[in-house]
file protein-v7.cif (mmCIF, C-alpha atoms)
data_final
loop_
_atom_site.group_PDB
_atom_site.id
_atom_site.type_symbol
_atom_site.label_atom_id
_atom_site.label_comp_id
_atom_site.auth_asym_id
_atom_site.auth_seq_id
_atom_site.Cartn_x
_atom_site.Cartn_y
_atom_site.Cartn_z
ATOM 1 C CA MET J 226 -128.447 -68.838 98.193
ATOM 2 C CA ASN J 227 -127.971 -72.250 96.609
ATOM 3 C CA ALA J 228 -125.337 -74.332 98.409
ATOM 4 C CA ALA J 229 -123.508 -75.102 95.205
ATOM 5 C CA ALA J 230 -123.326 -71.398 94.409
ATOM 6 C CA VAL J 231 -121.536 -70.346 97.598
ATOM 7 C CA PRO J 232 -118.444 -68.354 96.497
ATOM 8 C CA ALA J 233 -115.097 -70.089 96.875
ATOM 9 C CA ASN J 234 -113.800 -67.382 99.211
ATOM 10 C CA LYS J 235 -116.602 -68.268 101.641
ATOM 11 C CA ARG J 236 -115.338 -71.843 101.643
ATOM 12 C CA ARG J 237 -111.672 -71.022 102.256
ATOM 13 C CA ARG J 238 -110.142 -72.575 105.364
ATOM 14 C CA MET J 239 -106.691 -73.053 106.877
ATOM 15 C CA MET J 240 -105.500 -76.593 107.587
ATOM 16 C CA ILE J 241 -102.711 -77.131 110.116
ATOM 17 C CA THR J 242 -100.412 -80.022 109.205
ATOM 18 C CA PRO J 243 -98.586 -82.209 111.773
ATOM 19 C CA GLU J 244 -95.468 -80.177 110.930
ATOM 20 C CA GLY J 245 -97.263 -77.023 112.086
ATOM 21 C CA LEU J 246 -97.788 -75.535 108.617
ATOM 22 C CA ALA J 247 -100.952 -73.553 107.898
ATOM 23 C CA LEU J 248 -102.137 -74.539 104.417
ATOM 24 C CA PRO J 249 -104.991 -72.757 102.612
ATOM 25 C CA ILE J 250 -107.699 -75.100 101.302
ATOM 26 C CA THR J 251 -111.154 -74.698 99.794
ATOM 27 C CA ILE J 252 -114.053 -76.782 101.072
ATOM 28 C CA ALA J 253 -115.827 -78.602 98.241
ATOM 29 C CA SER J 254 -119.307 -77.318 97.486
ATOM 30 C CA ARG J 255 -122.291 -79.500 98.348
ATOM 31 C CA GLY J 256 -123.291 -79.542 94.696
ATOM 32 C CA SER J 257 -119.927 -80.908 93.561
ATOM 33 C CA ARG J 258 -120.055 -83.615 96.232
ATOM 34 C CA ALA J 259 -123.543 -84.660 95.147
ATOM 35 C CA GLY J 260 -122.470 -84.677 91.512
ATOM 36 C CA ALA J 261 -119.433 -86.837 92.280
ATOM 37 C CA LEU J 262 -121.573 -89.369 94.173
ATOM 38 C CA ILE J 263 -124.086 -89.563 91.323
ATOM 39 C CA ILE J 264 -121.274 -90.187 88.822
ATOM 40 C CA ASP J 265 -119.781 -92.901 91.037
ATOM 41 C CA VAL J 266 -123.134 -94.654 91.529
ATOM 42 C CA ILE J 267 -123.791 -94.579 87.765
ATOM 43 C CA ILE J 268 -120.345 -96.073 87.093
ATOM 44 C CA ILE J 269 -120.888 -98.856 89.642
ATOM 45 C CA ILE J 270 -124.390 -99.734 88.439
ATOM 46 C CA ALA J 271 -123.328 -99.661 84.780
ATOM 47 C CA GLY J 272 -120.355 -101.880 85.597
ATOM 48 C CA LEU J 273 -122.490 -104.421 87.475
ATOM 49 C CA ILE J 274 -125.091 -104.511 84.704
ATOM 50 C CA ALA J 275 -122.353 -105.017 82.099
ATOM 51 C CA PHE J 276 -120.792 -107.784 84.206
ATOM 52 C CA ASN J 277 -124.152 -109.525 84.632
ATOM 53 C CA LEU J 278 -124.916 -109.331 80.909
ATOM 54 C CA LEU J 279 -121.454 -110.626 80.064
ATOM 55 C CA MET J 280 -121.807 -113.579 82.428
ATOM 56 C CA ASN J 281 -125.245 -114.415 81.015
ATOM 57 C CA TRP J 282 -123.888 -114.202 77.483
ATOM 58 C CA ILE J 283 -120.930 -116.440 78.295
ATOM 59 C CA ALA J 284 -123.111 -118.959 80.134
ATOM 60 C CA GLY J 285 -125.735 -118.994 77.392
ATOM 61 C CA GLY J 286 -123.227 -119.297 74.589
ATOM 62 C CA LEU J 287 -120.686 -121.695 76.044
ATOM 63 C CA LEU J 288 -122.667 -123.878 78.423
ATOM 64 C CA GLU J 289 -125.867 -124.403 76.484
ATOM 65 C CA GLY J 290 -126.487 -128.108 75.874
ATOM 66 C CA THR J 291 -123.797 -129.214 78.346
ATOM 67 C CA VAL J 292 -124.083 -130.605 81.838
ATOM 68 C CA LEU J 293 -123.280 -127.068 83.034
ATOM 69 C CA ASP J 294 -126.227 -125.510 81.181
ATOM 70 C CA VAL J 295 -127.534 -122.755 83.439
ATOM 71 C CA GLU J 296 -131.193 -123.365 82.533
ATOM 72 C CA ALA J 297 -130.879 -127.093 83.221
ATOM 73 C CA ALA J 298 -128.812 -126.663 86.386
ATOM 74 C CA PRO J 299 -130.288 -127.900 89.675
ATOM 75 C CA ARG J 300 -131.861 -125.348 91.988
ATOM 76 C CA GLY J 301 -128.907 -125.450 94.385
ATOM 77 C CA ALA J 302 -126.478 -124.496 91.623
ATOM 78 C CA GLN J 303 -128.694 -121.620 90.501
ATOM 79 C CA GLU J 304 -128.889 -120.303 94.067
ATOM 80 C CA PHE J 305 -125.097 -120.525 94.297
ATOM 81 C CA LEU J 306 -124.768 -118.382 91.165
ATOM 82 C CA GLN J 307 -127.171 -115.820 92.641
ATOM 83 C CA ILE J 308 -125.153 -115.710 95.857
ATOM 84 C CA LEU J 309 -121.998 -115.253 93.782
ATOM 85 C CA LEU J 310 -123.541 -112.265 92.012
ATOM 86 C CA VAL J 311 -124.484 -110.733 95.384
ATOM 87 C CA ILE J 312 -120.891 -111.165 96.602
ATOM 88 C CA VAL J 313 -119.552 -109.561 93.421
ATOM 89 C CA GLY J 314 -121.941 -106.646 93.901
ATOM 90 C CA PHE J 315 -120.882 -106.204 97.547
ATOM 91 C CA VAL J 316 -117.171 -106.304 96.723
ATOM 92 C CA THR J 317 -117.637 -103.933 93.789
ATOM 93 C CA TRP J 318 -119.661 -101.403 95.806
ATOM 94 C CA TYR J 319 -117.251 -101.133 98.732
ATOM 95 C CA GLY J 320 -114.089 -101.915 96.800
ATOM 96 C CA TYR J 321 -114.756 -99.117 94.308
ATOM 97 C CA PHE J 322 -114.772 -96.457 97.016
ATOM 98 C CA LEU J 323 -112.157 -97.929 99.349
ATOM 99 C CA VAL J 324 -109.472 -98.748 96.785
ATOM 100 C CA GLN J 325 -109.627 -95.342 95.099
ATOM 101 C CA GLU J 326 -109.989 -93.215 98.230
ATOM 102 C CA LEU J 327 -107.121 -95.049 99.940
ATOM 103 C CA GLY J 328 -104.910 -94.291 96.931
ATOM 104 C CA PRO J 329 -102.539 -91.302 96.706
ATOM 105 C CA ARG J 330 -105.214 -89.110 95.093
ATOM 106 C CA GLY J 331 -107.757 -89.714 97.880
ATOM 107 C CA ALA J 332 -110.610 -89.567 95.383
ATOM 108 C CA THR J 333 -112.908 -91.786 93.350
ATOM 109 C CA LEU J 334 -113.301 -91.300 89.617
ATOM 110 C CA GLY J 335 -116.411 -89.178 90.231
ATOM 111 C CA LYS J 336 -114.554 -86.920 92.658
ATOM 112 C CA ARG J 337 -111.636 -86.551 90.274
ATOM 113 C CA LEU J 338 -113.972 -85.562 87.437
ATOM 114 C CA VAL J 339 -115.469 -82.719 89.487
ATOM 115 C CA GLY J 340 -112.112 -81.746 91.040
ATOM 116 C CA ILE J 341 -112.487 -82.716 94.707
ATOM 117 C CA ARG J 342 -110.820 -85.149 97.100
ATOM 118 C CA ILE J 343 -110.941 -86.398 100.689
ATOM 119 C CA ALA J 344 -108.530 -85.038 103.294
ATOM 120 C CA ALA J 345 -108.000 -85.616 106.993
ATOM 121 C CA ARG J 346 -109.083 -82.620 109.051
ATOM 122 C CA SER J 347 -105.990 -83.125 111.214
ATOM 123 C CA GLY J 348 -103.812 -82.314 108.189
ATOM 124 C CA GLY J 349 -102.076 -85.696 108.386
ATOM 125 C CA ARG J 350 -102.237 -88.752 106.184
ATOM 126 C CA LEU J 351 -105.674 -90.123 105.358
ATOM 127 C CA ALA J 352 -106.017 -93.263 107.515
ATOM 128 C CA ALA J 353 -107.590 -96.476 106.234
ATOM 129 C CA GLU J 354 -109.994 -96.661 109.176
ATOM 130 C CA ALA J 355 -111.255 -93.154 108.384
ATOM 131 C CA VAL J 356 -112.012 -94.076 104.770
ATOM 132 C CA ILE J 357 -113.732 -97.303 105.841
ATOM 133 C CA ALA J 358 -115.819 -95.512 108.472
ATOM 134 C CA ARG J 359 -117.047 -92.749 106.161
ATOM 135 C CA ASN J 360 -118.027 -95.248 103.464
ATOM 136 C CA LEU J 361 -119.911 -97.530 105.847
ATOM 137 C CA LEU J 362 -121.752 -94.514 107.268
ATOM 138 C CA ARG J 363 -122.794 -93.440 103.762
ATOM 139 C CA ASP J 364 -125.002 -96.496 103.434
ATOM 140 C CA ILE J 365 -126.648 -95.817 106.787
ATOM 141 C CA GLU J 366 -127.132 -92.151 105.897
ATOM 142 C CA LEU J 367 -128.511 -92.493 102.381
ATOM 143 C CA PHE J 368 -128.824 -95.854 100.702
ATOM 144 C CA TYR J 369 -130.436 -97.952 103.429
ATOM 145 C CA PRO J 370 -133.264 -95.452 104.015
ATOM 146 C CA LEU J 371 -133.728 -95.095 100.250
ATOM 147 C CA VAL J 372 -134.051 -98.859 99.833
ATOM 148 C CA PHE J 373 -136.386 -98.993 102.824
ATOM 149 C CA ILE J 374 -138.588 -96.261 101.322
ATOM 150 C CA LEU J 375 -138.717 -98.040 97.953
ATOM 151 C CA VAL J 376 -139.712 -101.326 99.616
ATOM 152 C CA LEU J 377 -142.467 -99.548 101.532
ATOM 153 C CA LEU J 378 -143.744 -97.877 98.359
ATOM 154 C CA VAL J 379 -143.884 -101.223 96.562
ATOM 155 C CA GLY J 380 -145.755 -102.688 99.532
ATOM 156 C CA ALA J 381 -148.203 -99.777 99.523
ATOM 157 C CA THR J 382 -148.950 -100.257 95.807
ATOM 158 C CA MET J 383 -149.773 -103.885 96.582
ATOM 159 C CA GLY J 384 -152.293 -102.833 99.204
ATOM 160 C CA GLU J 385 -150.208 -103.435 102.321
ATOM 161 C CA ASP J 386 -150.708 -101.220 105.353
ATOM 162 C CA ILE J 387 -147.308 -99.600 105.974
ATOM 163 C CA GLY J 388 -148.533 -97.344 108.795
ATOM 164 C CA PRO J 389 -146.085 -94.684 110.036
ATOM 165 C CA LEU J 390 -143.022 -96.519 108.665
ATOM 166 C CA ALA J 391 -142.927 -94.344 105.539
ATOM 167 C CA TRP J 392 -142.782 -91.179 107.639
ATOM 168 C CA ALA J 393 -140.065 -92.652 109.865
ATOM 169 C CA ALA J 394 -137.972 -93.689 106.872
ATOM 170 C CA THR J 395 -138.412 -90.266 105.250
ATOM 171 C CA ALA J 396 -137.367 -88.516 108.460
ATOM 172 C CA TRP J 397 -134.315 -90.804 108.689
ATOM 173 C CA PHE J 398 -133.313 -89.960 105.118
ATOM 174 C CA ALA J 399 -133.980 -86.219 105.466
ATOM 175 C CA LEU J 400 -132.023 -85.945 108.721
ATOM 176 C CA PHE J 401 -128.777 -87.196 107.196
ATOM 177 C CA LEU J 402 -129.379 -85.588 103.795
ATOM 178 C CA LEU J 403 -129.748 -82.114 105.309
ATOM 179 C CA LEU J 404 -126.921 -82.424 107.868
ATOM 180 C CA PRO J 405 -124.274 -80.883 105.520
ATOM 181 C CA PHE J 406 -126.433 -77.759 105.236
ATOM 182 C CA PHE J 407 -126.217 -77.105 108.988
ATOM 183 C CA ASN J 408 -122.438 -76.852 109.392
ATOM 184 C CA ARG J 409 -119.928 -74.525 107.736
ATOM 185 C CA GLU J 410 -117.669 -77.324 106.475
ATOM 186 C CA ALA J 411 -120.545 -79.186 104.751
ATOM 187 C CA LEU J 412 -119.693 -82.292 106.749
ATOM 188 C CA ARG J 413 -121.946 -85.304 106.559
ATOM 189 C CA ALA J 414 -122.196 -87.809 109.408
ATOM 190 C CA GLY J 415 -119.473 -90.001 107.895
ATOM 191 C CA ASP J 416 -117.064 -87.051 107.793
ATOM 192 C CA ILE J 417 -117.795 -86.161 111.422
ATOM 193 C CA ILE J 418 -117.175 -89.727 112.603
ATOM 194 C CA ALA J 419 -114.099 -90.294 110.414
ATOM 195 C CA GLY J 420 -112.486 -86.881 110.993
ATOM 196 C CA THR J 421 -112.408 -86.036 107.284
ATOM 197 C CA TRP J 422 -113.618 -83.315 104.973
ATOM 198 C CA VAL J 423 -113.892 -82.989 101.216
ATOM 199 C CA VAL J 424 -111.817 -80.243 99.608
ATOM 200 C CA GLU J 425 -111.211 -78.926 96.136
ATOM 201 C CA THR J 426 -108.202 -80.373 94.344
ATOM 202 C CA PRO J 427 -105.688 -77.726 93.236
ATOM 203 C CA ARG J 428 -105.341 -77.829 89.458
ATOM 204 C CA THR J 429 -101.676 -77.046 88.919
ATOM 205 C CA ARG J 430 -99.204 -78.393 86.380
ATOM 206 C CA LEU J 431 -95.633 -79.296 87.160
ATOM 207 C CA ALA J 432 -94.457 -78.083 83.776
ATOM 208 C CA LYS J 433 -95.387 -74.489 84.572
ATOM 209 C CA THR J 434 -92.884 -72.257 86.328
ATOM 210 C CA LEU J 435 -93.896 -69.941 89.139
ATOM 211 C CA SER J 436 -94.707 -66.518 87.773
ATOM 212 C CA THR J 437 -93.487 -65.072 91.059
ATOM 213 C CA GLN J 438 -90.241 -67.022 91.281
ATOM 214 C CA GLY J 439 -87.050 -65.132 91.988
ATOM 215 C CA ALA J 440 -83.444 -65.709 91.072
ATOM 216 C CA ALA J 441 -83.098 -68.466 93.628
ATOM 217 C CA ALA J 442 -85.577 -70.674 91.789
ATOM 218 C CA ALA J 443 -83.767 -70.252 88.492
ATOM 219 C CA ARG J 444 -80.136 -70.257 89.611
ATOM 220 C CA GLY J 445 -80.238 -71.621 93.152
ATOM 221 C CA ALA J 446 -78.697 -68.362 94.452
ATOM 222 C CA SER J 447 -80.207 -65.720 96.716
ATOM 223 C CA ASP J 448 -80.454 -62.076 95.619
ATOM 224 C CA VAL J 449 -80.338 -61.089 99.283
ATOM 225 C CA THR J 450 -77.314 -62.976 100.608
ATOM 226 C CA GLY J 451 -75.786 -64.457 97.451
ATOM 227 C CA THR J 452 -76.045 -67.931 98.976
ATOM 228 C CA ARG J 453 -76.403 -70.734 96.444
ATOM 229 C CA TYR J 454 -78.790 -73.420 97.630
ATOM 230 C CA GLU J 455 -78.119 -76.893 96.264
ATOM 231 C CA PHE J 456 -80.124 -79.906 97.451
ATOM 232 C CA GLY J 457 -79.155 -83.545 97.106
ATOM 233 C CA GLU J 458 -81.202 -86.506 95.934
ATOM 234 C CA ALA J 459 -82.011 -87.637 99.465
ATOM 235 C CA GLU J 460 -83.164 -84.165 100.495
ATOM 236 C CA LEU J 461 -85.438 -83.740 97.477
ATOM 237 C CA SER J 462 -86.830 -87.264 97.777
ATOM 238 C CA VAL J 463 -88.706 -86.518 101.011
ATOM 239 C CA TYR J 464 -91.489 -84.676 99.120
ATOM 240 C CA GLY J 465 -93.698 -85.376 96.119
ATOM 241 C CA GLU J 466 -96.100 -83.673 93.730
ATOM 242 C CA LYS J 467 -98.672 -82.796 96.380
ATOM 243 C CA GLU J 468 -96.110 -80.990 98.538
ATOM 244 C CA LEU J 469 -94.666 -79.256 95.472
ATOM 245 C CA GLN J 470 -98.102 -77.880 94.570
ATOM 246 C CA THR J 471 -98.660 -76.785 98.164
ATOM 247 C CA LEU J 472 -95.313 -74.990 98.201
ATOM 248 C CA GLU J 473 -96.172 -73.266 94.915
ATOM 249 C CA ARG J 474 -99.455 -71.959 96.331
ATOM 250 C CA MET J 475 -97.715 -70.685 99.444
ATOM 251 C CA LEU J 476 -95.005 -68.907 97.460
ATOM 252 C CA ARG J 477 -97.751 -67.158 95.508
ATOM 253 C CA ASP J 478 -100.128 -66.236 98.296
ATOM 254 C CA SER J 479 -98.658 -66.607 101.783
ATOM 255 C CA SER J 480 -97.288 -63.986 104.151
ATOM 256 C CA PRO J 481 -93.597 -63.829 105.158
ATOM 257 C CA GLU J 482 -94.538 -65.301 108.550
ATOM 258 C CA ALA J 483 -96.176 -68.322 106.902
ATOM 259 C CA LEU J 484 -93.186 -68.786 104.600
ATOM 260 C CA ALA J 485 -90.876 -68.694 107.609
ATOM 261 C CA ALA J 486 -92.873 -71.519 109.188
ATOM 262 C CA VAL J 487 -92.690 -73.553 105.961
ATOM 263 C CA HIS J 488 -88.958 -72.879 105.713
ATOM 264 C CA ALA J 489 -88.381 -74.110 109.266
ATOM 265 C CA ALA J 490 -90.492 -77.236 108.680
ATOM 266 C CA ILE J 491 -88.617 -78.194 105.498
ATOM 267 C CA CYS J 492 -85.265 -77.609 107.175
ATOM 268 C CA ARG J 493 -86.265 -79.904 110.037
ATOM 269 C CA LYS J 494 -87.400 -82.527 107.537
ATOM 270 C CA ILE J 495 -84.182 -82.538 105.503
ATOM 271 C CA GLY J 496 -81.822 -81.911 108.424
ATOM 272 C CA TRP J 497 -80.664 -78.356 107.600
ATOM 273 C CA ASP J 498 -79.998 -75.512 109.998
ATOM 274 C CA PRO J 499 -82.989 -73.220 109.285
ATOM 275 C CA GLY J 500 -81.227 -69.899 109.895
ATOM 276 C CA ALA J 501 -83.289 -66.755 109.303
ATOM 277 C CA GLY J 502 -83.699 -63.827 106.927
ATOM 278 C CA ASP J 503 -83.453 -65.645 103.594
ATOM 279 C CA GLU J 504 -86.545 -67.866 103.729
ATOM 280 C CA ARG J 505 -88.046 -66.988 100.337
ATOM 281 C CA ALA J 506 -84.791 -67.598 98.447
ATOM 282 C CA PHE J 507 -84.409 -70.968 100.164
ATOM 283 C CA LEU J 508 -87.998 -71.965 99.309
ATOM 284 C CA GLU J 509 -87.712 -70.766 95.701
ATOM 285 C CA ALA J 510 -84.549 -72.801 95.231
ATOM 286 C CA PHE J 511 -86.094 -75.860 96.870
ATOM 287 C CA TYR J 512 -89.214 -75.489 94.732
ATOM 288 C CA GLY J 513 -87.256 -75.157 91.487
ATOM 289 C CA GLN J 514 -84.996 -78.138 92.165
ATOM 290 C CA LEU J 515 -87.825 -80.345 93.446
ATOM 291 C CA ARG J 516 -89.929 -79.530 90.380
ATOM 292 C CA ALA J 517 -87.032 -80.339 88.059
ATOM 293 C CA LYS J 518 -86.459 -83.659 89.830
ATOM 294 C CA LEU J 519 -90.124 -84.694 89.672
ATOM 295 C CA GLU J 520 -90.472 -83.667 86.033
ATOM 296 C CA GLY J 521 -87.371 -85.690 85.144
ATOM 297 C CA GLU J 522 -88.768 -88.766 86.867
ATOM 298 C CA MET J 523 -92.139 -88.342 85.155
ATOM 299 C CA ARG J 524 -90.441 -88.549 81.753
ATOM 300 C CA PHE J 525 -89.362 -92.068 82.680
ATOM 301 C CA GLY J 526 -92.800 -93.069 83.959
ATOM 302 C CA LYS J 527 -91.947 -92.688 87.642
ATOM 303 C CA ARG J 528 -94.229 -90.557 89.799
ATOM 304 C CA LYS J 529 -94.111 -89.629 93.464
ATOM 305 C CA ALA J 530 -97.588 -88.439 94.388
ATOM 306 C CA ASP J 531 -96.728 -87.247 97.905
ATOM 307 C CA LYS J 532 -94.272 -87.685 100.750
ATOM 308 C CA PHE J 533 -95.887 -90.983 101.739
ATOM 309 C CA SER J 534 -95.356 -92.594 98.331
#
call {"tool": "encode", "arguments": {"input": "protein-v7.cif", "output": "structure tokens"}}
result
Amino acid sequence: MNAAAVPANKRRRMMITPEGLALPITIASRGSRAGALIIDVIIIIAGLIAFNLLMNWIAGGLLEGTVLDVEAAPRGAQEFLQILLVIVGFVTWYGYFLVQELGPRGATLGKRLVGIRIAARSGGRLAAEAVIARNLLRDIELFYPLVFILVLLVGATMGEDIGPLAWAATAWFALFLLLPFFNREALRAGDIIAGTWVVETPRTRLAKTLSTQGAAAARGASDVTGTRYEFGEAELSVYGEKELQTLERMLRDSSPEALAAVHAAICRKIGWDPGAGDERAFLEAFYGQLRAKLEGEMRFGKRKADKFS
């Protein structure tokens, strides 16, 4: 079976958060990860080409005939410009991945287009060192051997004896390329070192109301005990959109035992006495009021992506 065609239910996992919550996630398919990387590489290369053309156009149009004319510049100045372009390329390549993956969405533009993101396997916040490690390893896994193979092929076409280097480079590339096919989580070497995995991004909208919500979500009152749950600004401010979406999924799909664990974790977080026996009503009320708060803030251009924002 093709890796990209593996059913989603075969890729379902449970992630345990630092608060002890078991959250259902879906591992991203290998095909979607490859597609996201291709999109990102195309964006980077297109951006660098556009930047280079723009700089050449500016230099040719504004500096021609002056003492700063690029064509008439001394060799040292031309080498400086080449070094500057290399630095821009280096910063663009690593900055593109690091800046976006360290953001609240944990995903580059390519990953967002195919609906996946990076997450820490520990269930905690995605650490900067983890993102840096997995991106540095990507070059060692894929791009360095690819460049090495291309250089060897060019040398071979020019009549150079490359010996067994081509086989060694191909084995290097194949080893890392095939690694995700030999583990259930589709982890590449960078994920193993960094303690990350790539998961599908839930596509939920804040404007939609839970189809399974009870009276507590609508009125703040429990049908079981009659208790009216009202939460203050400080209590609702501890969570953001990501946690709201997670809570929505759990209210739809999770067992009473899982909801009890979520209820206890939220109570600890906001300083309430957890009690027992009315967990769903509490969670429905918390969900409804948190959603209303976040939607109200979004109307004024203010967004809270997650509890770390």
call {"tool": "residues_near_point", "arguments": {"input": "protein-v7.cif", "point": "(-96.2, -79.3, 99.2)", "cutoff": "10 Å", "atoms": "only C-alpha atoms", "output": "count of residues only"}}
result
18
call {"tool": "atom_distance", "arguments": {"input": "protein-v7.cif", "atom1": "atom CA of Leu403 of chain J", "atom2": "atom CA of Ala381 of chain J"}}
result
26.2 Å
call {"tool": "resolve_selection", "arguments": {"input": "protein-v7.cif", "expression": "the PyMOL selection byres ((chain J and resi 347-349) around 8)", "output": "NGL selection string"}}
result
:J and (240-243 or 344-346 or 350-351 or 420)
call {"tool": "closest_residue", "arguments": {"input": "protein-v7.cif", "among": "J:Val424, J:Leu306, J:Asp364, J:Ile252", "to": "Lys336 of chain J", "atoms": "all atoms listed in the file"}}
result
J:Val424
call {"tool": "resolve_selection", "arguments": {"input": "protein-v7.cif", "expression": "the PyMOL selection byres ((chain J and resi 352-363) around 6)", "output": "CSV table (one decimal) with C-alpha atoms, in the frame of the given file"}}
result
chain,number,residue,atom,x,y,z
J,351,LEU,CA,-105.7,-90.1,105.4
J,364,ASP,CA,-125.0,-96.5,103.4
J,365,ILE,CA,-126.6,-95.8,106.8
J,366,GLU,CA,-127.1,-92.2,105.9
J,367,LEU,CA,-128.5,-92.5,102.4
J,415,GLY,CA,-119.5,-90.0,107.9
J,416,ASP,CA,-117.1,-87.1,107.8
J,419,ALA,CA,-114.1,-90.3,110.4
call {"tool": "atom_distance", "arguments": {"input": "protein-v7.cif", "atom1": "atom CA of Lys518 of chain J", "atom2": "atom CA of Leu476 of chain J"}}
result
18.7 Å
call {"tool": "resolve_selection", "arguments": {"input": "protein-v7.cif", "expression": "the PyMOL selection byres ((chain J and resi 488) around 10)", "output": "list in words"}}
result
Leu246, Glu482, Ala483, Leu484, Ala485, Ala486, Val487, Ala489, Ala490, Ile491, Cys492, Arg493, Lys494, Pro499, Gly500, Ala501, Asp503, Glu504, Arg505, Ala506, Phe507, Leu508 and Phe511 of chain J
call {"tool": "write_last_selection", "arguments": {"input": "protein-v7.cif", "atoms": "C-alpha atoms", "output": "mmCIF file, in the coordinates of the input"}}
result
data_model
loop_
_atom_site.group_PDB
_atom_site.id
_atom_site.type_symbol
_atom_site.label_atom_id
_atom_site.label_comp_id
_atom_site.auth_asym_id
_atom_site.auth_seq_id
_atom_site.Cartn_x
_atom_site.Cartn_y
_atom_site.Cartn_z
ATOM 1 C CA LEU J 246 -97.788 -75.535 108.617
ATOM 2 C CA GLU J 482 -94.538 -65.301 108.550
ATOM 3 C CA ALA J 483 -96.176 -68.322 106.902
ATOM 4 C CA LEU J 484 -93.186 -68.786 104.600
ATOM 5 C CA ALA J 485 -90.876 -68.694 107.609
ATOM 6 C CA ALA J 486 -92.873 -71.519 109.188
ATOM 7 C CA VAL J 487 -92.690 -73.553 105.961
ATOM 8 C CA ALA J 489 -88.381 -74.110 109.266
ATOM 9 C CA ALA J 490 -90.492 -77.236 108.680
ATOM 10 C CA ILE J 491 -88.617 -78.194 105.498
ATOM 11 C CA CYS J 492 -85.265 -77.609 107.175
ATOM 12 C CA ARG J 493 -86.265 -79.904 110.037
ATOM 13 C CA LYS J 494 -87.400 -82.527 107.537
ATOM 14 C CA PRO J 499 -82.989 -73.220 109.285
ATOM 15 C CA GLY J 500 -81.227 -69.899 109.895
ATOM 16 C CA ALA J 501 -83.289 -66.755 109.303
ATOM 17 C CA ASP J 503 -83.453 -65.645 103.594
ATOM 18 C CA GLU J 504 -86.545 -67.866 103.729
ATOM 19 C CA ARG J 505 -88.046 -66.988 100.337
ATOM 20 C CA ALA J 506 -84.791 -67.598 98.447
ATOM 21 C CA PHE J 507 -84.409 -70.968 100.164
ATOM 22 C CA LEU J 508 -87.998 -71.965 99.309
ATOM 23 C CA PHE J 511 -86.094 -75.860 96.870
#
call {"tool": "closest_atom_pairs", "arguments": {"input": "protein-v7.cif", "of": "segment 303-360 of chain J", "to": "segment 269-276 of chain J", "cutoff": "12 Å", "atoms": "only C-alpha atoms", "output": "JSON lines"}}
result
{"residue": "J:Leu310", "atom": "CA", "partner": "J:Leu273", "partner_atom": "CA", "distance": 9.1}
{"residue": "J:Val311", "atom": "CA", "partner": "J:Leu273", "partner_atom": "CA", "distance": 10.3}
{"residue": "J:Ile312", "atom": "CA", "partner": "J:Leu273", "partner_atom": "CA", "distance": 11.5}
{"residue": "J:Val313", "atom": "CA", "partner": "J:Leu273", "partner_atom": "CA", "distance": 8.4}
{"residue": "J:Gly314", "atom": "CA", "partner": "J:Leu273", "partner_atom": "CA", "distance": 6.8}
{"residue": "J:Phe315", "atom": "CA", "partner": "J:Leu273", "partner_atom": "CA", "distance": 10.4}
{"residue": "J:Val316", "atom": "CA", "partner": "J:Leu273", "partner_atom": "CA", "distance": 10.8}
{"residue": "J:Thr317", "atom": "CA", "partner": "J:Ile269", "partner_atom": "CA", "distance": 7.3}
{"residue": "J:Trp318", "atom": "CA", "partner": "J:Ile269", "partner_atom": "CA", "distance": 6.8}
{"residue": "J:Tyr319", "atom": "CA", "partner": "J:Ile269", "partner_atom": "CA", "distance": 10.1}
{"residue": "J:Gly320", "atom": "CA", "partner": "J:Ile269", "partner_atom": "CA", "distance": 10.3}
{"residue": "J:Tyr321", "atom": "CA", "partner": "J:Ile269", "partner_atom": "CA", "distance": 7.7}
{"residue": "J:Phe322", "atom": "CA", "partner": "J:Ile269", "partner_atom": "CA", "distance": 9.9}
{"residue": "J:Thr333", "atom": "CA", "partner": "J:Ile269", "partner_atom": "CA", "distance": 11.3}
{"residue": "J:Leu334", "atom": "CA", "partner": "J:Ile269", "partner_atom": "CA", "distance": 10.7}
{"residue": "J:Gly335", "atom": "CA", "partner": "J:Ile269", "partner_atom": "CA", "distance": 10.7}
call {"tool": "atom_distance", "arguments": {"input": "protein-v7.cif", "atom1": "atom CA of Leu323 of chain J", "atom2": "atom CA of Pro405 of chain J"}}
result
21.8 Å
call {"tool": "residues_near_point", "arguments": {"input": "protein-v7.cif", "point": "(-84.4, -78.2, 91.5)", "cutoff": "10 Å", "atoms": "all atoms listed in the file", "output": "mmCIF file with C-alpha atoms, in the frame of the given file"}}
result
data_model
loop_
_atom_site.group_PDB
_atom_site.id
_atom_site.type_symbol
_atom_site.label_atom_id
_atom_site.label_comp_id
_atom_site.auth_asym_id
_atom_site.auth_seq_id
_atom_site.Cartn_x
_atom_site.Cartn_y
_atom_site.Cartn_z
ATOM 1 C CA ALA J 442 -85.577 -70.674 91.789
ATOM 2 C CA ALA J 443 -83.767 -70.252 88.492
ATOM 3 C CA ARG J 444 -80.136 -70.257 89.611
ATOM 4 C CA GLY J 445 -80.238 -71.621 93.152
ATOM 5 C CA TYR J 454 -78.790 -73.420 97.630
ATOM 6 C CA GLU J 455 -78.119 -76.893 96.264
ATOM 7 C CA PHE J 456 -80.124 -79.906 97.451
ATOM 8 C CA GLY J 457 -79.155 -83.545 97.106
ATOM 9 C CA GLU J 458 -81.202 -86.506 95.934
ATOM 10 C CA LEU J 461 -85.438 -83.740 97.477
ATOM 11 C CA GLU J 509 -87.712 -70.766 95.701
ATOM 12 C CA ALA J 510 -84.549 -72.801 95.231
ATOM 13 C CA PHE J 511 -86.094 -75.860 96.870
ATOM 14 C CA TYR J 512 -89.214 -75.489 94.732
ATOM 15 C CA GLY J 513 -87.256 -75.157 91.487
ATOM 16 C CA GLN J 514 -84.996 -78.138 92.165
ATOM 17 C CA LEU J 515 -87.825 -80.345 93.446
ATOM 18 C CA ARG J 516 -89.929 -79.530 90.380
ATOM 19 C CA ALA J 517 -87.032 -80.339 88.059
ATOM 20 C CA LYS J 518 -86.459 -83.659 89.830
ATOM 21 C CA LEU J 519 -90.124 -84.694 89.672
ATOM 22 C CA GLU J 520 -90.472 -83.667 86.033
#
